[in-house]
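Chemist: My structure is below; once you've seen it, I'll send some questions.
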Amino acid sequence: MDCTKHFTLFHSVSLLLLLAPAVLSQINIVTVIDASLQEGAGWVQQSVSNAQKKTGLSLKQSLVSLSLEDEEASEGQFCSALYNGAAVVLDLAAGGWMYGRDHAAAHGVPYVRVQISNYQWMSAVDAFLQSRNATDAALIFGSEDQLDQALYYLVEGSVIRVIVLHGIETNSTETLRKMRPAPSYYVIIGTTSELNILFNKALNNQLVSRDSRWTLVATDVKPGVLDLSLVTGTTAVTVIAPTEKVCCTVRDVPLDCACSTLNAMSSWSNVEWSSEKKQVVPQMEFSLTAVNSSSKTVIGSWNTLSKLDLNPDYKNSPIRRFFKIGAVLAHPWLYQKEGGKPDEYEGYCMSLTKRLADGMEFDFKFVLPEDGQYGARQKNGSWNGLVGDLAKGLTDIIVAPLTMTSEREEVIDFVAPYFDQSGISIVIRKSQREESLFKFMTVLKAEVWVSIVAALVVTGVMIWLLDRYSPYSAQNNAALYPANCRKFTLKESFWFALTSFTPQGGGEAPKALSGRTLVAAYWLFVVLMLATFTANLAAFLTVERMQTPVSSLQELAGQSKINYTVLQSTSTEQYFTNMAAAEEELYRVWKELTLNSTSDQSKYRVWDYPIKEQYTHILKVIDETGPVATAEDGFKKVLDNEKGQFAFIHDASEIRYKVYHSCLLTEVGEAFAEQPYAIAVQQGSHLQDEISRAILELQKERYFEVLSAEFWNASARSACPNENDSEGITLQSLGGVFIATLIGLALAMIALAIEVLYYKRGQPKVNSGNPKLSLKMSGEKRGVIDVVPVYH
């Protein structure tokens, strides 16, 4: 029998006798006790018998069994006991019974609560765990009674997240292994014999894996019974046990007393009376000992009044917690470190996680989902991706660009947002200018150029014919015109037609009326063609500089030239699914409104539906194209389409990062459907409040602004060439003009060479022997005979 509980009851019964009227020959004691603590009824009966023998009074006990499952029946028993007459009420319930306390006060019956549960054991464990910076623990109880009693303390005053188990069986072992986050500490509470059995099971089931994680709490005073030989190797445990003097202290007798004897009524100097709670609590004292395979070290003590007192010489090294962080590979959030190991990452989420780990003192490891998805609800109701892993307990925390949605909050919990409104955006590839040396030639179609050349040739031939056969031409009527007047031979005619296209003009025009009429019409043709070419060239260059064929989501939905898609199992895909469903629902409501016979048909007509079904069309295109598995696949599709006819609808912040670091991409329009990003934890996790406080502290320090500036920096665009609309025409576009000039220069040099050779070949040969001078009449020119010397 537990001596401390027995003597506490003895003290309480004696106190009740002092409170009861002395004139009564028989004193009725109403005792309330938990239904799960049946052994306590025996302690009460023995204490009442001892008190009756000692005082000689007639004591009668009415036992009320308190059952939380059927509290009405317990209340009925209690009221009957008070009706039959009660001198005192003795409350032995582990958590106290407010109903009994209030009704005892209403009837003027003295009330005393006696704490006979393991309240102080739990208080000592709680104080020790908090000293080790523990935030979670697995509590394993040797008996179900101990478990039930502990629940009252855990609900009332503990701040440590716990999982409570009865014993260590196969199923409980699996529960501990799957627990996420994994407990930082394990505590076994029970008698010394129960501790031996349970700790041995923990060793056999390979639960004892980290140093100083296990704490053994003995509920009895049996020194030497605990089998510490189980502690082997580097394994170390902490033992919390009542000191050997506890029984003697409670009885207020010398410390060498025999705790098994019950022979005297103790004084009240060693119990604590709480007037506020009307509660009697014995003064307990526990020793805290660190035990390993080779030594025992007393690390401190705990008692009712002064609570935890640690040995200052003992080095307390709390164990850092370890969390599995769920994340998805995506720039700039988390990506493989260049030149690093396969599990070495860097990025926004890596920097944030490191900062949280430093502040919250934990170690971590990134765990990527097998499907690489963020998480969406499946047809069977389950979740995939990051959300599914967290809900299943495969990860402890999600640190990723995860949007807060009501659907996800059904299975996980979000903490305070860490990233501003991001939203959804559209990215396409820029239209690349086709570089061509003869790009200016593409302003007009080939048939136009052929027609211009044909017009030039025909005009040249016609000028020659008109000048040759017109009686009023300079060629046929030289007396009417000045000397050296231009004669339009076939060569001169073609030269005139060609030079008419230049600002210098064609030179002297034909003299005959017929020739001038043709030239006037030809000049009008030249002016119109030059003006048309200039205007088309300006328009051609202007249209070419229009980089984006669409500028918003509405324009994207209203065209059919550009295809597009989204990343699967993301909030972006869910957004379009929800919006399309909303459009269908609105159309259904509209039909019901318009087809209702009671509605005003002049106001509502079914064919006058006022809402465009753009989201339904967008979702249809996405389904036909097929969502991509990863964001990198989406960006690759955009880059592979050199004509800029593929768009990727994705997270705005990630698109902005890609645009900053790629000269080929451009963001279309403004972001829409803005939502914040937040870290997620398991539902009910104690980490929610802790991480939220850490996030708020980082916001006060403006940490997130600095971190965002590190990854979203517009200065990265400086590496791209100038793409302003005012950018001049490149040499590659007009290089053909220079080539044509060079070709003309080359042809001129060739012509010069031909002229020189022809001239040299036509020179007279000089006879060096006896040259004879002869005269050759070269022809008549205006009555003058040219005499050219000829040497033979």
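To be explicit about the labels: the chains of the structure tokens are called A, B, and onward in the order shown, and within each one the residues are counted from 1, while ligands get numbers from 1 in the order they are shown.
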Give me, as an MDAnalysis selection string, the residues of region 335-584 of chain A that a backbone DSSP run labels alpha helix (DSSP H).
Modeler: chainID A and resid 348:360 385:392 446:469 490:499 513:544 553:557 571:584
Chemist: Need to verify the contact set: Gly142 (chain A), 6 Å, only C-alpha atoms, exclusion of same-chain residues closer than 3 positions in sequence. Can you return it as a PyMOL selection string?
Modeler: chain A and resi 167+190+194
Chemist: One number please: CA of Val328 (chain A) to CA of Met350 (chain A), in Å, one decimal.
Modeler: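 According to the coordinates, CA of Val328 (chain A) and CA of Met350 (chain A) are separated by 11.3 Å.
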Chemist: Which of these residues is nearest to Asn641 (chain A), using only C-alpha atoms: A:Val221, A:Ile452, A:Leu664, A:Val628?
Modeler: A:Leu664
Chemist: Env of Ala520 (chain A): 12 Å cut, atoms = only C-alpha atoms, seq-sep filter 5 positions within chain, self excluded. Answer as a PyMOL selection string.
Modeler: chain A and resi 459+463+497+500+506+509-510+513-515+525-527
Chemist: Region 528-533 of chain A: which residues within 8 Å, counting only C-alpha atoms, same-chain residues fewer than 2 positions away excluded, as a PyMOL selection string?
Modeler: chain A and resi 443-444+501+524-526+535-537
Chemist: Produce a file of the selected residues containing all heavy atoms, as a CSV table (one decimal), in the first residue's frame.
Modeler:
```
chain,number,residue,atom,x,y,z
A,443,VAL,N,9.4,44.4,-96.6
A,443,VAL,CA,8.3,45.3,-96.5
A,443,VAL,C,7.3,45.2,-97.6
A,443,VAL,O,6.1,45.3,-97.4
A,443,VAL,CB,8.8,46.8,-96.4
A,443,VAL,CG1,7.7,47.8,-96.4
A,443,VAL,CG2,9.7,47.0,-95.2
A,444,LEU,N,7.8,44.9,-98.8
A,444,LEU,CA,6.9,44.7,-100.0
A,444,LEU,C,7.0,43.2,-100.4
A,444,LEU,O,8.1,42.6,-100.3
A,444,LEU,CB,7.3,45.6,-101.2
A,444,LEU,CG,7.3,47.1,-100.9
A,444,LEU,CD1,7.8,47.9,-102.1
A,444,LEU,CD2,5.9,47.5,-100.5
A,501,PHE,N,14.2,57.1,-109.3
A,501,PHE,CA,13.8,56.6,-108.0
A,501,PHE,C,14.6,57.2,-106.9
A,501,PHE,O,14.4,57.0,-105.7
A,501,PHE,CB,13.9,55.1,-107.9
A,501,PHE,CG,12.8,54.3,-108.5
A,501,PHE,CD1,12.8,53.9,-109.8
A,501,PHE,CD2,11.6,54.0,-107.7
A,501,PHE,CE1,11.7,53.2,-110.4
A,501,PHE,CE2,10.6,53.3,-108.3
A,501,PHE,CZ,10.6,52.9,-109.6
A,524,LEU,N,5.0,60.2,-111.3
A,524,LEU,CA,3.9,60.0,-110.3
A,524,LEU,C,3.9,58.6,-109.7
A,524,LEU,O,3.7,58.4,-108.5
A,524,LEU,CB,2.5,60.3,-111.0
A,524,LEU,CG,1.3,60.0,-110.2
A,524,LEU,CD1,1.3,61.0,-109.0
A,524,LEU,CD2,0.0,60.2,-111.0
A,525,PHE,N,4.2,57.6,-110.6
A,525,PHE,CA,4.3,56.2,-110.1
A,525,PHE,C,5.5,56.1,-109.1
A,525,PHE,O,5.3,55.5,-108.1
A,525,PHE,CB,4.5,55.3,-111.3
A,525,PHE,CG,5.0,53.9,-111.0
A,525,PHE,CD1,4.2,53.0,-110.4
A,525,PHE,CD2,6.4,53.6,-111.1
A,525,PHE,CE1,4.7,51.7,-110.1
A,525,PHE,CE2,6.9,52.4,-110.8
A,525,PHE,CZ,6.0,51.4,-110.3
A,526,VAL,N,6.6,56.7,-109.4
A,526,VAL,CA,7.7,56.7,-108.5
A,526,VAL,C,7.4,57.3,-107.2
A,526,VAL,O,7.8,56.8,-106.1
A,526,VAL,CB,9.0,57.4,-109.2
A,526,VAL,CG1,10.1,57.5,-108.2
A,526,VAL,CG2,9.4,56.6,-110.4
A,535,ALA,N,6.1,54.4,-95.8
A,535,ALA,CA,5.0,54.2,-94.8
A,535,ALA,C,4.9,52.7,-94.4
A,535,ALA,O,4.8,52.5,-93.1
A,535,ALA,CB,3.6,54.6,-95.4
A,536,ASN,N,5.0,51.8,-95.3
A,536,ASN,CA,5.0,50.4,-94.9
A,536,ASN,C,6.2,50.0,-94.0
A,536,ASN,O,6.1,49.2,-93.1
A,536,ASN,CB,4.9,49.5,-96.1
A,536,ASN,CG,3.5,49.5,-96.8
A,536,ASN,OD1,2.6,50.0,-96.2
A,536,ASN,ND2,3.4,49.0,-98.0
A,537,LEU,N,7.3,50.6,-94.3
A,537,LEU,CA,8.5,50.3,-93.5
A,537,LEU,C,8.3,50.7,-92.1
A,537,LEU,O,8.7,50.0,-91.1
A,537,LEU,CB,9.8,50.9,-94.2
A,537,LEU,CG,11.1,50.7,-93.4
A,537,LEU,CD1,11.4,49.2,-93.3
A,537,LEU,CD2,12.2,51.5,-94.0
```
Chemist: Any idea what's packed within 7 Å of Val291 (chain A), counting only C-alpha atoms, ignoring anything in its chain fewer than 6 positions away? Could you give it as a list of chain:residue names?
Modeler: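 So the residues in contact are A:Ala236, A:Val237, A:Thr238, A:Thr297.
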Chemist: Selected residues, all heavy atoms, written as an mmCIF file, in the first residue's frame, please.
Modeler:
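Contents of part-v4.cif, freshly written:
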```cif
data_model
loop_
_atom_site.group_PDB
_atom_site.id
_atom_site.type_symbol
_atom_site.label_atom_id
_atom_site.label_comp_id
_atom_site.auth_asym_id
_atom_site.auth_seq_id
_atom_site.Cartn_x
_atom_site.Cartn_y
_atom_site.Cartn_z
ATOM 1 N N ALA A 236 21.412 7.084 -21.451
ATOM 2 C CA ALA A 236 21.281 7.699 -20.136
ATOM 3 C C ALA A 236 19.813 8.003 -19.888
ATOM 4 O O ALA A 236 19.091 8.407 -20.795
ATOM 5 C CB ALA A 236 22.106 8.975 -20.034
ATOM 6 N N VAL A 237 19.365 7.777 -18.652
ATOM 7 C CA VAL A 237 17.987 8.062 -18.281
ATOM 8 C C VAL A 237 17.995 8.897 -17.008
ATOM 9 O O VAL A 237 18.982 8.929 -16.268
ATOM 10 C CB VAL A 237 17.177 6.767 -18.049
ATOM 11 C CG1 VAL A 237 17.113 5.937 -19.309
ATOM 12 C CG2 VAL A 237 17.755 5.966 -16.885
ATOM 13 N N THR A 238 16.881 9.577 -16.802
ATOM 14 C CA THR A 238 16.692 10.341 -15.570
ATOM 15 C C THR A 238 15.641 9.637 -14.730
ATOM 16 O O THR A 238 14.565 9.295 -15.229
ATOM 17 C CB THR A 238 16.237 11.772 -15.882
ATOM 18 O OG1 THR A 238 17.217 12.405 -16.708
ATOM 19 C CG2 THR A 238 16.059 12.577 -14.610
ATOM 20 N N THR A 297 24.305 10.278 -11.036
ATOM 21 C CA THR A 297 24.558 11.669 -10.674
ATOM 22 C C THR A 297 23.251 12.317 -10.250
ATOM 23 O O THR A 297 22.276 12.309 -11.012
ATOM 24 C CB THR A 297 25.149 12.455 -11.864
ATOM 25 O OG1 THR A 297 26.334 11.800 -12.321
ATOM 26 C CG2 THR A 297 25.476 13.878 -11.451
#
```
Chemist: Running DSSP on the backbone, which parts of region 327-495 of chain A land in strand (DSSP E or B), as a PyMOL selection string?
Modeler: chain A and resi 330+334-336+345-346+362-367+377+383+397-398+403+412-419+424-429
Chemist: Quick one: of A:Leu176, A:Val458, A:Ala652, A:Ile33, who's nearest to Gln675 (chain A), counting only C-alpha atoms?
Modeler: A:Ala652
Chemist: Using only C-alpha atoms, which protein or nucleic acid residues come within 8 Å of Ser143 (chain A)? Drop anything in the same chain fewer than 2 positions from it, and give the result as a list in words.
Modeler: Phe141, Asp145, Gln146, Leu147, His166, Gly167 and Gly190 of chain A
Chemist: What is the CA of Arg468 (chain A) to CA of Ala751 (chain A) distance in Å?
Modeler: 27.4 Å
